[in-house]
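Here is the structure we will look at, set down as structure tokens.
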4 protein chains.
Amino acid sequence: MKKDTRDLLLEVALELFATKGYHATKVSDVVKKAGVAQGTFYWYFESKEEIVLKIMAEGRKKLLEVVHSGYRKEEGNIRDMVDSSKRLMKKLLSFASNNRNLMILLLLKGQGGDEKLRNAISETLVAIEKEFANNIQRAIELQMLEDRDCVEFQAQMLTSLVTGTISRWLFGPMHELNYQPSLSIDKVVDEMVRYEFFGLIGQGGRQ
Amino acid sequence: MKKDTRDLLLEVALELFATKGYHATKVSDVVKKAGVAQGTFYWYFESKEEIVLKIMAEGRKKLLEVVHSGYRKEEGNIRDMVDSSKRLMKKLLSFASNNRNLMILLLLKGQGGDEKLRNAISETLVAIEKEFANNIQRAIELQMLEDRDCVEFQAQMLTSLVTGTISRWLFGPMHELNYQPSLSIDKVVDEMVRYEFFGLIGQGGRQ
Amino acid sequence: MKKDTRDLLLEVALELFATKGYHATKVSDVVKKAGVAQGTFYWYFESKEEIVLKIMAEGRKKLLEVVHSGYRKEEGNIRDMVDSSKRLMKKLLSFASNNRNLMILLLLKGQGGDEKLRNAISETLVAIEKEFANNIQRAIELQMLEDRDCVEFQAQMLTSLVTGTISRWLFGPMHELNYQPSLSIDKVVDEMVRYEFFGLIGQGGRQ
Amino acid sequence: MKKDTRDLLLEVALELFATKGYHATKVSDVVKKAGVAQGTFYWYFESKEEIVLKIMAEGRKKLLEVVHSGYRKEEGNIRDMVDSSKRLMKKLLSFASNNRNLMILLLLKGQGGDEKLRNAISETLVAIEKEFANNIQRAIELQMLEDRDCVEFQAQMLTSLVTGTISRWLFGPMHELNYQPSLSIDKVVDEMVRYEFFGLIGQGGRQ
DNA sequence: TATGAATGAGCGTTCATTCAT
DNA sequence: CATGAATGAACGCTCATTCAT
């Protein structure tokens with residue numbers, strides 16, 4: 001069951017991009033680690049840029065599947081909404097935890113690359129934001145949330161909260177690749193969703 | 001009143017780093033735009049890396065001054081706390097708005113650089129997080145916030161929220177350099193601080 | 001029968017190092033003369049320093065083979081010893097004559113280079129000195145030479161004599177690269193070995 | 001009694017050329033160590049090359065004075081000749097010992113420099129050789145040495161012997177700048193002059 | 001499919017030298 | 001005499017990409 005060379009290259013490239021960064025990773029590093037010749041790389045991919053875009057496109061697809069499959073369609077009350085969000089966040093965090101390299105590329109190391117690279121990342125975030133916006137909109141229509149007339153902005157804040165928290169949780173304050181998360185997924189989910197809906201004050205905050 | 005060459009280089013370099021990214025900016029670009037010879041650059045800076053670190057260190061210092069000077073010391077009730085936070089956020093957003101290039105470097109384009117560059121960014125975020133944590137801790141001690149035993153994590157979520165929102169507000173969903181913010185500072189501050197303390201549900205959310 | 005590119009580069013580099021000196025020879029000179037691209041140089045060698053060290057190591061090896069193979073093992077009397085030395089010197093001078101560029105690098109032009117370069121040269125001389133010391137020591141043990149209790153020093157004087165004479169003979173007083181030796185090898189060998197054993201006074205010197 | 005700036009620069013430059021080599025020594029190193037500004041250097045010297053040539057010309061002059069003043073004019077017999085040579089060698093070694101930096105430049109580090117630099121060194125050696133040749137010629141005319149019809153060559157061998165021995169004695173086998181000579185001047189002189197006149201066999205060698 | 005030698009434009013950096021003050 | 005900022009040509013090296021086999 002020999003590994004397909006193309007997949008091997010994709011895998012090795014992702015690992016190196018995540019470890020050393022896109023720019024610092026040479027094509028020669030990739031082929032060396034994959035155990036193939038330099039030319040072989042260019043049989044499968046047009047350029048270094050193409051492979052990273054392929055990686056990110058694939059990653060975005062998988063990530064969006066998670067986000068999209070996350071919400072239950074029929075919320076009833078706030079508790080349902082919170083539970084639903086918790087389920088989504090749990091899925092998201094699990095996915096992130098199982099795809100550390102991808103998350104590094106999407107959330108951290110990719111930002112400094114070329115225009116196209118940055119756009120790919122932005123598009124991913126926009127897509128996530130859109131999903132969140134849809135959900136918020138629906139909740140508003142169900143009169144579960146007050147209509148503050150800035151759904152997009154709220155979705156964007158939520159996206160910032162989630163992506164920032166994920167990257168901080170997975171890689172620690174200094175973005176160390178081998179950082180071991182100190183909080184359990186459940187604790188993070190609990191706190192994050194609480195924050196999502198109730199902010200710092202929380203449900204029982206004195207007003 | 002000839003501009004000091006060193007400052008000129010710093011300014012030009014920041015602009016180019018923000019516009020094209022650190023890697024894509026050549027030293028020759030910087031000196032060309034500054035109108036000095038290649039060697040002049042190396043009279044003032046040891047390397048391309050040094051100048052970007054200098055820029056970021058200086059930027060971090062100014063940014064932290066804003067964050068640090070932001071909070072009032074003697075909050076009384078929740079309204080005070082919220083007002084205090086609003087004042088801070090307003091200062092932060094004004095600063096960001098007036099230092100777009102710096103924010104690009106700190107929040108967007110810097111991430112893909114060398115190890116040292118990324119560390120410089122991480123350290124900045126850590127410093128902000130620390131300020132936020134201090135404030136949350138104080139609010140807890142004043143019994144204005146419930147002690148959820150995860151102050152650090154809360155501070156980190158807050159940092160994610162704020163930095164993400166700022167970069168999204170200033171540069172739009174696609175991180176365009178010339179993006180014109182569509183929301184006024186006051187609106188952003190209102191919504192962000194509301195979110196900070198009350199989450200999506202908000203003060204008057206039906207439970 | 002295409003020449004191996006690596007060997008071609010080594011050969012061209014040696015010639016240029018000998019002609020213009022290590023520092024004055026640019027990598028671009030080497031590749032231009034070899035008719036390959038700049039990058040090709042770095043396919044075969046890590047750096048300009050590496051190639052010169054490789055050249056010198058190879059040269060030292062060949063030189064030491066000559067020195068080592070030079071002496072007969074079983075000298076009987078002084079005449080044998082003198083003849084043996086003549087054979088060695090003849091071999092040495094032939095080698096030097098056939099490897100002018102190498103000798104230039106080892107004896108003349110290399111000295112001003114980097115630390116490693118100079119060390120490589122010193123090590124070569126030390127190795128030669130050691131061979132000479134062994135031979136002197138053996139001659140003492142055979143009671144063919146008086147034990148003056150300074151074998152090392154004698155070997156060093158001999159090394160100075162031989163290397164100095166070779167470089168002076170091959171390249172003339174002004175170290176000209178295209179100098180034509182004015183004395184035949186046999187004459188030089190005769191006089192040098194006479195000097196080696198009998199000094200200025202010579203065998204028949206009046207005392 | 002402030003040190004003359006020009007002399008200071010000469011002194012500092014010699015030290016650095018000897019320590020780091022001509023090429024590795026930057027003009028900025030010299031002025032930094034001398035505590036003057038970069039421009040000052042060029043008030044006193046036209047170029048980096050000029051200063052090293054000045055240094056070497058001055059050094060050669062002093063060295064030749066020693067060599068020239070070395071021989072007694074009226075040798076009588078071989079013992080006189082040997083004694084006379086011993087006196088010269090002792091002077092030479094004392095001079096070398098007191099001018100280590102100069103000797104490094106003349107005998108070791110200078111060789112790899114530019115054409116002019118190498119010529120300056122060659123000329124020095126030629127001048128020494130000439131002095132030696134004169135002395136040998138005179139000894140032949142006094143019938144103290146056999147006329148082997150190769151006075152120049154003999155002088156050259158003698159020069160090789162002397163210069164090689166000096167550099168090896170002062171700086172050790174690896175040309176270390178801080179090497180401490182292990183033999184006393186007198187021992188070196190004894191052995192060197194013995195070798196000069198009698199070779200390895202020596203006066204009492206069995207023939 | 002796969003190899004790996006070859007390419008060459010381009011970059012960061014160096015440093016001897018100049019010159020206005 | 002002295003300063004030190006400014007110059008700019010030049011060099012070693014990189015690395016994504018190509019191509020003959």
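Residue numbering restarts at 1 in every chain; chains get A, B, ... in the order shown in the structure tokens, and ligands count up from 1 in that same order.
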Env of range 141-152 of chain B: 9 Å cut, atoms = only C-alpha atoms (C1' of nucleotides), seq-sep filter 3 positions within chain, self excluded. Answer as a ChimeraX atom specification. /A:191,200-202,204-206 /B:75-78,81,129-130,132-134,136-138,155-157
Kindly export the residues of the current selection with N, CA, C and O atoms, as a CSV table (one decimal), in the first residue's frame.
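Writing the result to result.csv gives the following:
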```csv
chain,number,residue,atom,x,y,z
A,191,GLU,N,-16.7,27.8,28.5
A,191,GLU,CA,-16.3,29.2,28.8
A,191,GLU,C,-16.6,30.0,27.5
A,191,GLU,O,-17.0,31.2,27.6
A,200,LEU,N,-18.7,38.8,29.7
A,200,LEU,CA,-18.0,38.7,30.9
A,200,LEU,C,-18.9,38.6,32.1
A,200,LEU,O,-18.7,37.9,33.1
A,201,ILE,N,-20.0,39.4,32.0
A,201,ILE,CA,-20.9,39.5,33.2
A,201,ILE,C,-21.6,38.1,33.4
A,201,ILE,O,-21.7,37.7,34.6
A,202,GLY,N,-21.9,37.5,32.4
A,202,GLY,CA,-22.5,36.1,32.5
A,202,GLY,C,-24.0,36.2,32.9
A,202,GLY,O,-24.5,37.2,33.1
A,204,GLY,N,-25.6,35.2,35.4
A,204,GLY,CA,-26.0,35.6,36.8
A,204,GLY,C,-25.3,36.9,37.2
A,204,GLY,O,-25.3,37.2,38.4
A,205,GLY,N,-24.8,37.6,36.3
A,205,GLY,CA,-24.1,38.9,36.7
A,205,GLY,C,-25.0,39.8,37.4
A,205,GLY,O,-26.2,39.9,37.0
A,206,ARG,N,-24.5,40.5,38.4
A,206,ARG,CA,-25.3,41.5,39.0
A,206,ARG,C,-25.5,42.7,38.1
A,206,ARG,O,-24.5,43.2,37.5
B,75,GLU,N,-13.3,51.8,39.7
B,75,GLU,CA,-14.7,51.5,39.2
B,75,GLU,C,-15.6,51.3,40.4
B,75,GLU,O,-15.2,50.9,41.5
B,76,GLY,N,-16.8,51.7,40.2
B,76,GLY,CA,-17.8,51.6,41.3
B,76,GLY,C,-18.8,50.5,41.0
B,76,GLY,O,-19.0,49.5,41.7
B,77,ASN,N,-19.5,50.6,39.9
B,77,ASN,CA,-20.5,49.6,39.6
B,77,ASN,C,-20.3,49.2,38.1
B,77,ASN,O,-19.4,49.6,37.5
B,78,ILE,N,-21.2,48.4,37.7
B,78,ILE,CA,-21.1,47.8,36.3
B,78,ILE,C,-21.1,48.9,35.3
B,78,ILE,O,-20.3,48.9,34.4
B,81,MET,N,-17.8,50.3,35.1
B,81,MET,CA,-16.9,49.4,34.4
B,81,MET,C,-17.1,49.4,32.9
B,81,MET,O,-16.1,49.4,32.1
B,129,GLU,N,-2.9,41.0,26.7
B,129,GLU,CA,-3.6,40.0,27.4
B,129,GLU,C,-3.4,40.2,28.9
B,129,GLU,O,-4.4,40.1,29.7
B,130,LYS,N,-2.2,40.5,29.3
B,130,LYS,CA,-1.9,40.7,30.7
B,130,LYS,C,-2.6,41.9,31.3
B,130,LYS,O,-3.1,41.8,32.4
B,132,PHE,N,-5.4,43.1,30.2
B,132,PHE,CA,-6.8,42.8,30.3
B,132,PHE,C,-7.0,41.9,31.5
B,132,PHE,O,-8.0,42.0,32.3
B,133,ALA,N,-6.1,40.9,31.7
B,133,ALA,CA,-6.3,40.0,32.9
B,133,ALA,C,-6.2,40.8,34.2
B,133,ALA,O,-7.0,40.5,35.1
B,134,ASN,N,-5.3,41.8,34.3
B,134,ASN,CA,-5.3,42.6,35.5
B,134,ASN,C,-6.6,43.2,35.7
B,134,ASN,O,-7.1,43.3,36.9
B,136,ILE,N,-9.6,42.4,34.6
B,136,ILE,CA,-10.6,41.4,35.0
B,136,ILE,C,-10.5,41.0,36.4
B,136,ILE,O,-11.4,41.0,37.2
B,137,GLN,N,-9.3,40.8,36.8
B,137,GLN,CA,-9.0,40.3,38.2
B,137,GLN,C,-9.5,41.4,39.2
B,137,GLN,O,-10.1,41.1,40.2
B,138,ARG,N,-9.2,42.6,38.9
B,138,ARG,CA,-9.6,43.7,39.8
B,138,ARG,C,-11.1,43.8,39.9
B,138,ARG,O,-11.7,43.9,41.0
B,155,ALA,N,-9.2,36.7,29.7
B,155,ALA,CA,-8.5,37.8,29.1
B,155,ALA,C,-8.0,37.5,27.7
B,155,ALA,O,-8.0,38.3,26.8
B,156,GLN,N,-7.8,36.2,27.5
B,156,GLN,CA,-7.3,35.8,26.1
B,156,GLN,C,-8.5,35.9,25.2
B,156,GLN,O,-8.3,36.3,24.0
B,157,MET,N,-9.7,35.5,25.6
B,157,MET,CA,-10.9,35.7,24.8
B,157,MET,C,-11.1,37.1,24.4
B,157,MET,O,-11.4,37.5,23.3
```
Using only C-alpha atoms (C1' of nucleotides), I'd like every residue of chain A that has an atom within 10 Å of chain F; please write them out as a ChimeraX atom specification. /A:26-28,38-39,42,46-48
Please identify all polymer residues within 7 Å of Val67 in chain D, counting only C-alpha atoms (C1' of nucleotides), omitting same-chain residues fewer than 4 positions from it, and present them as a PDB file with N, CA, C and O atoms, in the first residue's frame.
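Once everything was written out, this is part-v2.pdb:
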```pdb
ATOM      1  N   LEU D  63      64.442  46.157   8.762  1.00  0.00           N
ATOM      2  CA  LEU D  63      64.951  44.794   8.680  1.00  0.00           C
ATOM      3  C   LEU D  63      66.269  44.740   7.928  1.00  0.00           C
ATOM      4  O   LEU D  63      67.233  44.081   8.360  1.00  0.00           O
ATOM      5  N   LEU D  88      75.006  37.895  13.238  1.00  0.00           N
ATOM      6  CA  LEU D  88      73.922  38.373  12.375  1.00  0.00           C
ATOM      7  C   LEU D  88      72.598  37.702  12.732  1.00  0.00           C
ATOM      8  O   LEU D  88      71.568  38.368  12.890  1.00  0.00           O
ATOM      9  N   LEU D  92      69.139  39.280  13.930  1.00  0.00           N
ATOM     10  CA  LEU D  92      67.911  39.053  13.162  1.00  0.00           C
ATOM     11  C   LEU D  92      66.800  38.497  14.048  1.00  0.00           C
ATOM     12  O   LEU D  92      65.664  38.969  14.019  1.00  0.00           O
TER      13      LEU D  92
END
```
May I have the residues of chain E within 9 Å of chain B, counting only C-alpha atoms (C1' of nucleotides), written as a ChimeraX atom specification? /E:11-14
Dump C-alpha atoms (C1' of nucleotides) for the selected residues as a compact mmCIF listing (two decimals), in the first residue's frame?
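So part.txt came out as:
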```
# COMPACT_ATOMS: atom_id res chain seq x y z
C1' DC E 11 18.65 39.57 -2.71
C1' DG E 12 20.95 41.01 1.65
C1' DT E 13 25.04 42.68 2.96
C1' DT E 14 29.90 44.68 2.86
```
Taking the DSSP secondary structure from the backbone, can you list the residues of range 22-185 of chain A that are alpha helix (DSSP H), as a ChimeraX atom specification? /A:27-34,38-44,48-70,78-98,100-103,115-141,151-171,185
Please determine the contact residues of chain D with respect to chain C at a cut-off of 6 Å, counting only C-alpha atoms, and supply them as an MDAnalysis selection string. chainID D and resid 109:112 122 145 157 160:161 164:165 174 195:201
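With CA of Glu11 in chain C on one side and CA of Lys90 in chain C on the other, the separation reads 25.0 Å.
Interatomic distance, CA of Ser184 in chain C to CA of Ile104 in chain C: 19.4 Å.
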